[in-house]
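Undergrad: Structure file entry24.cif, mmCIF, C-alpha atoms, is pasted below:
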```
data_input
#
loop_
_atom_site.label_atom_id
_atom_site.label_comp_id
_atom_site.auth_asym_id
_atom_site.auth_seq_id
_atom_site.Cartn_x
_atom_site.Cartn_y
_atom_site.Cartn_z
CA MET A 1 121.57 105.37 85.50
CA LEU A 2 120.88 109.07 84.96
CA THR A 3 123.95 111.18 84.22
CA LEU A 4 125.05 114.81 84.46
CA ASN A 5 128.09 116.30 82.75
CA ALA A 6 129.92 118.90 84.82
CA GLN A 7 132.59 121.53 84.25
CA LYS A 8 134.90 122.88 86.94
CA ARG A 9 133.72 126.27 88.22
CA GLU A 10 135.89 129.26 89.11
CA THR A 11 133.06 131.83 89.14
CA PHE A 12 131.33 132.82 92.37
CA GLY A 13 129.08 135.46 93.92
CA LYS A 14 127.46 138.12 91.75
CA LYS A 15 129.39 136.93 88.69
CA LEU A 16 127.17 133.85 88.61
CA GLU A 17 124.24 135.86 87.21
CA GLY A 18 125.86 136.03 83.79
CA ALA A 19 126.58 132.29 83.83
CA ARG A 20 122.96 131.52 84.75
CA LYS A 21 121.75 133.62 81.81
CA ASP A 22 123.98 131.47 79.59
CA GLY A 23 122.21 128.33 80.82
CA LYS A 24 124.82 127.27 83.36
CA LEU A 25 123.71 126.09 86.81
CA PRO A 26 126.22 126.43 89.69
CA VAL A 27 126.47 123.30 91.85
CA VAL A 28 128.59 121.90 94.68
CA ILE A 29 129.43 118.26 95.40
CA TYR A 30 130.70 116.90 98.72
CA GLY A 31 130.67 113.75 100.82
CA PRO A 32 132.21 111.96 103.82
CA LYS A 33 135.42 111.39 101.90
CA GLU A 34 135.01 114.10 99.28
CA ASP A 35 135.97 117.73 99.83
CA ALA A 36 133.47 120.29 98.57
CA SER A 37 134.07 121.14 94.90
CA SER A 38 132.29 123.68 92.68
CA TYR A 39 131.02 122.92 89.18
CA PHE A 40 128.65 124.06 86.45
CA VAL A 41 126.05 121.79 84.87
CA ASP A 42 123.67 122.57 82.04
CA THR A 43 120.44 123.98 83.53
CA LYS A 44 118.11 122.24 81.05
CA GLU A 45 119.96 118.95 81.51
CA PHE A 46 119.66 119.23 85.29
CA ASN A 47 115.94 120.07 85.20
CA LYS A 48 115.29 116.97 83.09
CA VAL A 49 117.29 114.76 85.46
CA TYR A 50 115.63 116.33 88.52
CA ARG A 51 112.15 115.55 87.20
CA GLU A 52 113.11 111.89 86.77
CA ALA A 53 115.37 111.41 89.79
CA GLY A 54 113.96 113.58 92.54
CA GLU A 55 116.12 113.39 95.67
CA SER A 56 116.20 109.63 96.12
CA THR A 57 117.69 108.33 92.86
CA VAL A 58 121.41 107.94 92.25
CA ILE A 59 122.89 110.13 89.50
CA GLU A 60 126.25 109.65 87.80
CA PHE A 61 128.08 112.97 88.05
CA LYS A 62 130.72 113.12 85.30
CA THR A 63 133.76 115.42 85.63
CA GLU A 64 137.15 115.64 83.97
CA ALA A 65 138.76 114.45 87.21
CA GLY A 66 136.51 111.39 87.47
CA ASP A 67 132.93 110.26 87.96
CA HIS A 68 130.90 110.19 91.19
CA ASP A 69 127.63 108.59 92.24
CA VAL A 70 125.61 111.37 93.85
CA LEU A 71 122.21 112.24 95.28
CA ILE A 72 120.54 115.63 95.04
CA LYS A 73 120.93 116.91 98.59
CA GLU A 74 119.51 120.42 98.43
CA THR A 75 118.15 122.84 95.84
CA ASP A 76 117.92 126.64 96.10
CA HIS A 77 115.19 128.41 94.16
CA ASN A 78 114.61 131.93 92.89
CA PRO A 79 111.94 133.33 95.28
CA ILE A 80 110.08 135.01 92.42
CA SER A 81 110.34 132.66 89.43
CA GLY A 82 110.79 129.41 91.40
CA GLU A 83 113.65 128.36 89.10
CA VAL A 84 116.49 126.29 90.55
CA ILE A 85 119.55 128.55 90.98
CA HIS A 86 121.95 126.32 92.96
CA VAL A 87 122.24 122.62 93.85
CA ASP A 88 124.16 120.61 96.44
CA PHE A 89 125.03 117.01 95.50
CA TYR A 90 126.01 114.39 98.08
CA VAL A 91 128.68 111.92 97.01
CA ILE A 92 127.83 108.33 97.97
CA GLU A 93 130.46 106.05 99.43
CA LYS A 94 130.68 102.90 97.35
CA GLY A 95 129.54 99.77 99.16
CA LYS A 96 127.73 101.67 101.92
CA LYS A 97 124.05 102.21 102.61
CA VAL A 98 122.57 105.69 102.44
CA GLU A 99 119.70 107.33 104.29
CA VAL A 100 117.16 109.31 102.24
CA GLU A 101 113.54 110.41 102.37
CA VAL A 102 111.44 108.86 99.62
CA PRO A 103 108.19 110.57 98.54
CA LEU A 104 104.94 108.69 99.10
CA VAL A 105 102.56 108.55 96.12
CA PHE A 106 98.91 108.13 97.09
CA GLU A 107 96.89 106.05 94.64
CA GLY A 108 93.40 104.62 94.29
CA GLU A 109 90.08 105.78 95.71
CA SER A 110 88.95 105.71 99.33
CA PRO A 111 85.35 104.48 99.93
CA ALA A 112 85.24 106.71 103.02
CA VAL A 113 85.95 109.74 100.83
CA GLU A 114 83.76 108.74 97.90
CA ASN A 115 80.73 107.40 99.78
CA LEU A 116 80.87 109.09 103.18
CA ALA A 117 82.09 112.53 102.07
CA GLY A 118 85.14 112.17 104.29
CA ILE A 119 88.35 114.16 104.05
CA LEU A 120 91.64 112.37 103.26
CA VAL A 121 94.41 113.30 105.70
CA LYS A 122 97.97 112.55 104.56
CA VAL A 123 99.96 112.39 107.77
CA ILE A 124 103.30 111.41 106.19
CA HIS A 125 104.44 112.68 102.79
CA ASP A 126 108.06 111.43 102.73
CA LEU A 127 109.31 108.17 104.22
CA PRO A 128 112.82 108.01 105.73
CA ILE A 129 114.59 104.84 104.60
CA GLU A 130 118.02 103.23 104.42
CA ALA A 131 119.29 101.13 101.52
CA MET A 132 122.18 100.42 99.21
CA PRO A 133 122.28 102.97 96.36
CA LYS A 134 121.19 100.36 93.80
CA ASP A 135 118.10 99.50 95.91
CA LEU A 136 116.83 103.05 96.41
CA PRO A 137 113.24 103.40 95.12
CA HIS A 138 112.11 106.54 93.31
CA ASP A 139 108.93 106.59 95.42
CA ILE A 140 106.67 104.30 97.46
CA LYS A 141 103.01 103.80 96.58
CA VAL A 142 100.18 104.10 99.11
CA ASP A 143 96.86 102.43 98.19
CA ILE A 144 94.14 104.49 99.88
CA SER A 145 91.36 102.04 98.89
CA ALA A 146 91.93 100.46 102.30
CA LEU A 147 90.33 103.51 103.93
CA VAL A 148 86.74 102.22 103.93
CA ASP A 149 85.38 104.14 106.94
CA PHE A 150 86.34 106.72 109.58
CA ASP A 151 87.97 104.06 111.75
CA SER A 152 90.34 102.91 108.99
CA GLN A 153 94.01 103.88 108.99
CA ILE A 154 97.06 103.13 106.88
CA THR A 155 100.23 102.69 108.90
CA VAL A 156 103.88 102.28 107.92
CA ALA A 157 103.45 98.53 108.44
CA ASP A 158 100.87 98.48 105.61
CA LEU A 159 103.25 99.91 103.02
CA VAL A 160 104.80 97.67 100.37
CA VAL A 161 108.52 98.38 100.68
CA PRO A 162 111.01 97.00 98.09
CA ALA A 163 113.52 94.35 99.08
CA GLY A 164 116.72 95.71 100.57
CA VAL A 165 115.01 98.80 101.98
CA THR A 166 114.79 99.48 105.72
CA VAL A 167 112.21 101.98 107.00
CA LEU A 168 113.63 104.27 109.69
CA ILE A 169 110.44 105.12 111.58
CA ASP A 170 108.14 103.00 113.74
CA ALA A 171 105.84 100.61 111.89
CA THR A 172 102.85 101.85 113.91
CA GLU A 173 103.16 105.42 112.61
CA VAL A 174 99.99 106.53 110.79
CA VAL A 175 100.48 107.36 107.12
CA ALA A 176 96.93 108.33 106.15
CA LEU A 177 93.36 108.33 107.46
CA VAL A 178 89.96 109.84 106.68
CA THR A 179 88.14 112.26 108.94
CA GLU A 180 84.51 113.28 108.94
CA ALA A 181 83.74 116.65 107.40
CA LYS A 182 82.26 119.00 110.00
CA GLU A 183 80.03 121.95 109.28
CA GLU A 184 81.30 125.34 110.32
CA PRO A 185 79.26 126.67 113.28
CA VAL A 186 77.31 129.81 112.41
CA GLU A 187 78.17 132.56 114.84
CA ALA A 188 75.42 134.99 115.76
CA GLU A 189 76.27 138.65 115.29
CA PRO A 190 76.93 140.39 118.62
CA ILE A 191 74.12 142.62 119.84
CA ASP A 192 74.97 146.26 120.42
CA ILE A 193 73.30 146.96 123.77
CA SER A 194 73.97 150.68 123.55
CA THR A 195 71.88 150.83 120.38
CA ILE A 196 68.94 149.12 122.10
CA GLU A 197 69.13 151.52 125.02
CA VAL A 198 69.16 154.50 122.69
CA GLU A 199 66.18 153.13 120.78
CA LYS A 200 64.22 152.52 124.02
CA LYS A 201 65.06 155.96 125.32
CA GLY A 202 64.04 157.54 122.04
CA LYS A 203 60.70 155.73 122.11
CA LYS A 204 60.07 156.78 125.70
CA ASP A 205 60.86 160.42 124.93
CA GLU A 206 58.57 160.25 121.89
CA GLU A 207 55.72 158.82 123.98
CA GLY A 208 56.28 161.50 126.63
CA ALA A 209 56.16 164.25 124.05
CA GLU A 210 52.91 162.87 122.60
CA ALA A 211 51.35 162.72 126.08
CA LYS A 212 52.40 166.30 126.87
CA GLU A 213 50.98 167.46 123.54
CA GLY A 214 47.68 165.79 124.43
CA GLU A 215 47.57 167.57 127.81
CA ASP A 216 48.20 170.92 126.19
CA LYS A 217 45.32 170.42 123.76
CA THR A 218 42.98 169.46 126.65
CA ALA A 219 43.97 172.57 128.53
CA GLU A 220 43.04 174.66 125.51
#
```
Turn this file's structure into C-alpha cells for me.
TA:
Amino acid sequence: MLTLNAQKRETFGKKLEGARKDGKLPVVIYGPKEDASSYFVDTKEFNKVYREAGESTVIEFKTEAGDHDVLIKETDHNPISGEVIHVDFYVIEKGKKVEVEVPLVFEGESPAVENLAGILVKVIHDLPIEAMPKDLPHDIKVDISALVDFDSQITVADLVVPAGVTVLIDATEVVALVTEAKEEPVEAEPIDISTIEVEKKGKKDEEGAEAKEGEDKTAE
C-alpha cells in the first residue's frame, strides 16, 4: 500500500505560502466518523503518490496520533502553474464499501478509425463504482478494437470489471463509439447588393455621357 507521512498543522491562510516554499503541502483529512484535521505532507512525496494512486487507490496516511486509510478526495491547483496547493483526503471506514469514480483507459486500435477514417467518441471517461477498499482498481481498460464500423458501440456491459466491484450506472450506457467524419460546408460569401446597384448605375451614367458626347459631335 502507498503511504504518506503527515505532520500536524497549525498554520493557515496567507502564512501557508512560506510553508509551500519549504516543500510542505497543506492537507485536510475527514470522514464519516473522523472530524476534519489539518496536516502537512511533503509536496514531492505527495506528487509521487498521486501519480501512482490517482483518486481511486487507498493510501495509508501516517500521523503521530495514528494511521488512517484514505482516498484523495479533492485537489486544488495553482491557476497559473497548475501545481497542487491543497488536498482533501477522505478517511475510509474499515469493513465498509466505498464509492469512487475510476478512470477508463482506452486501449487498442479501432478498425472504424483506422480504415474508415472515423472519429472516436469517448462518451464516458470515469466509471462510478462501489467496492471494498482492497478491491478498488486503479483504472478499468476499454478495448476499442471492438469498434469495427459506424454501427459498433461499447457499452458498460462490455467492460471487464474486477471481482468485487459493482458498477453504479446502467449496463446499457454507451462508453465509446465511432462517428463518420463530415466535411465542413463551404459558405458562399454574401453578395453586397448595394455595390451591384452602384456599379449598374455608374455604367448607365457612363453610357449616357458617351451618347450625349456623340450627339454634340454630330451637331458640330
Undergrad: Interatomic distance between atom CA of Ala181 of chain A and atom CA of Val113 of chain A?
TA: 9.8 Å
Undergrad: So which residues get picked by the PyMOL selection byres ((chain A and resi 176) around 10) here, written as a PyMOL selection string?
TA: chain A and resi 106+120-125+142-144+147+152-156+173-175+177-178
Undergrad: Please dump the current selection as an mmCIF file, keeping the file's coordinate frame; keep C-alpha atoms.
TA:
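Generated file (again27.cif):
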```cif
data_model
loop_
_atom_site.group_PDB
_atom_site.id
_atom_site.type_symbol
_atom_site.label_atom_id
_atom_site.label_comp_id
_atom_site.auth_asym_id
_atom_site.auth_seq_id
_atom_site.Cartn_x
_atom_site.Cartn_y
_atom_site.Cartn_z
ATOM 1 C CA PHE A 106 98.910 108.130 97.090
ATOM 2 C CA LEU A 120 91.640 112.370 103.260
ATOM 3 C CA VAL A 121 94.410 113.300 105.700
ATOM 4 C CA LYS A 122 97.970 112.550 104.560
ATOM 5 C CA VAL A 123 99.960 112.390 107.770
ATOM 6 C CA ILE A 124 103.300 111.410 106.190
ATOM 7 C CA HIS A 125 104.440 112.680 102.790
ATOM 8 C CA VAL A 142 100.180 104.100 99.110
ATOM 9 C CA ASP A 143 96.860 102.430 98.190
ATOM 10 C CA ILE A 144 94.140 104.490 99.880
ATOM 11 C CA LEU A 147 90.330 103.510 103.930
ATOM 12 C CA SER A 152 90.340 102.910 108.990
ATOM 13 C CA GLN A 153 94.010 103.880 108.990
ATOM 14 C CA ILE A 154 97.060 103.130 106.880
ATOM 15 C CA THR A 155 100.230 102.690 108.900
ATOM 16 C CA VAL A 156 103.880 102.280 107.920
ATOM 17 C CA GLU A 173 103.160 105.420 112.610
ATOM 18 C CA VAL A 174 99.990 106.530 110.790
ATOM 19 C CA VAL A 175 100.480 107.360 107.120
ATOM 20 C CA LEU A 177 93.360 108.330 107.460
ATOM 21 C CA VAL A 178 89.960 109.840 106.680
#
```
Undergrad: Expand the PyMOL selection byres ((chain A and resi 27-40) around 10) into the individual residues it matches in the shown file, reporting them as a ChimeraX atom specification.
TA: /A:5-12,19-20,23-26,41-43,61,63,68,70-75,85-93
Undergrad: May I ask for the distance between atom CA of Gly118 of chain A and atom CA of Ala171 of chain A, given in Å to one decimal place?
TA: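 About the pair atom CA of Gly118 of chain A and atom CA of Ala171 of chain A: they are 24.9 Å apart.
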Undergrad: Hey, can you check how far atom CA of Ile169 of chain A sits from atom CA of Gly108 of chain A?
TA: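 Value for the atom CA of Ile169 of chain A-atom CA of Gly108 of chain A distance: 24.3 Å.
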Undergrad: Hey, what comes out of the PyMOL selection byres ((chain A and resi 164) around 8) on this file? Could you write it as an MDAnalysis selection string?
TA: chainID A and resid 131:132 135 162:163 165:166
Undergrad: Kindly export the residues of the current selection with C-alpha atoms, as a PDB file, in the frame of the given file.
TA:
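Listed below is the output, result01.pdb:
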```pdb
ATOM      1  CA  ALA A 131     119.290 101.130 101.520  1.00  0.00           C
ATOM      2  CA  MET A 132     122.180 100.420  99.210  1.00  0.00           C
ATOM      3  CA  ASP A 135     118.100  99.500  95.910  1.00  0.00           C
ATOM      4  CA  PRO A 162     111.010  97.000  98.090  1.00  0.00           C
ATOM      5  CA  ALA A 163     113.520  94.350  99.080  1.00  0.00           C
ATOM      6  CA  VAL A 165     115.010  98.800 101.980  1.00  0.00           C
ATOM      7  CA  THR A 166     114.790  99.480 105.720  1.00  0.00           C
TER       8      THR A 166
END
```
Undergrad: Taking only C-alpha atoms into account, name the residue in A:Val105, A:Ala146, A:Asp151, A:Pro128 that is nearest to Val167 of chain A.
TA: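 Result for the nearest residue to Val167 of chain A: A:Pro128.
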Undergrad: For Val160 of chain A, which residue among A:Lys21, A:Lys14, A:Lys141, A:Lys182 is the nearest when counting all atoms listed in the file?
TA: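 For Val160 of chain A, the nearest of the given residues is A:Lys141.
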Undergrad: Can you find the residues with an atom no farther than 6 Å from (83.0, 107.9, 105.2), counting all atoms listed in the file, and report them as a CSV table (one decimal) with C-alpha atoms, in the coordinates of the input?
TA:
```csv
chain,number,residue,atom,x,y,z
A,112,ALA,CA,85.2,106.7,103.0
A,113,VAL,CA,86.0,109.7,100.8
A,115,ASN,CA,80.7,107.4,99.8
A,116,LEU,CA,80.9,109.1,103.2
A,117,ALA,CA,82.1,112.5,102.1
A,118,GLY,CA,85.1,112.2,104.3
A,149,ASP,CA,85.4,104.1,106.9
A,150,PHE,CA,86.3,106.7,109.6
```
Undergrad: Counting all atoms listed in the file, find the residues whose atoms lie at most 9 Å from (125.1, 99.6, 89.8) (file coordinates) and write them out as a PyMOL selection string.
TA: chain A and resi 1+133-134
Undergrad: Which residue out of A:Val84, A:Val102, A:Ile119, A:Val148 has the minimum interatomic distance to Thr179 of chain A when all atoms listed in the file are used?
TA: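 That would be A:Ile119, the residue with the smallest distance to Thr179 of chain A.
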Undergrad: Let me make sure I understand: among A:Ala53, A:Leu104, A:Ile80, A:Ile140, which one has the smallest atom-to-atom distance to Leu2 of chain A if we use all atoms listed in the file?
TA: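 Closest to Leu2 of chain A of all the choices is A:Ala53.
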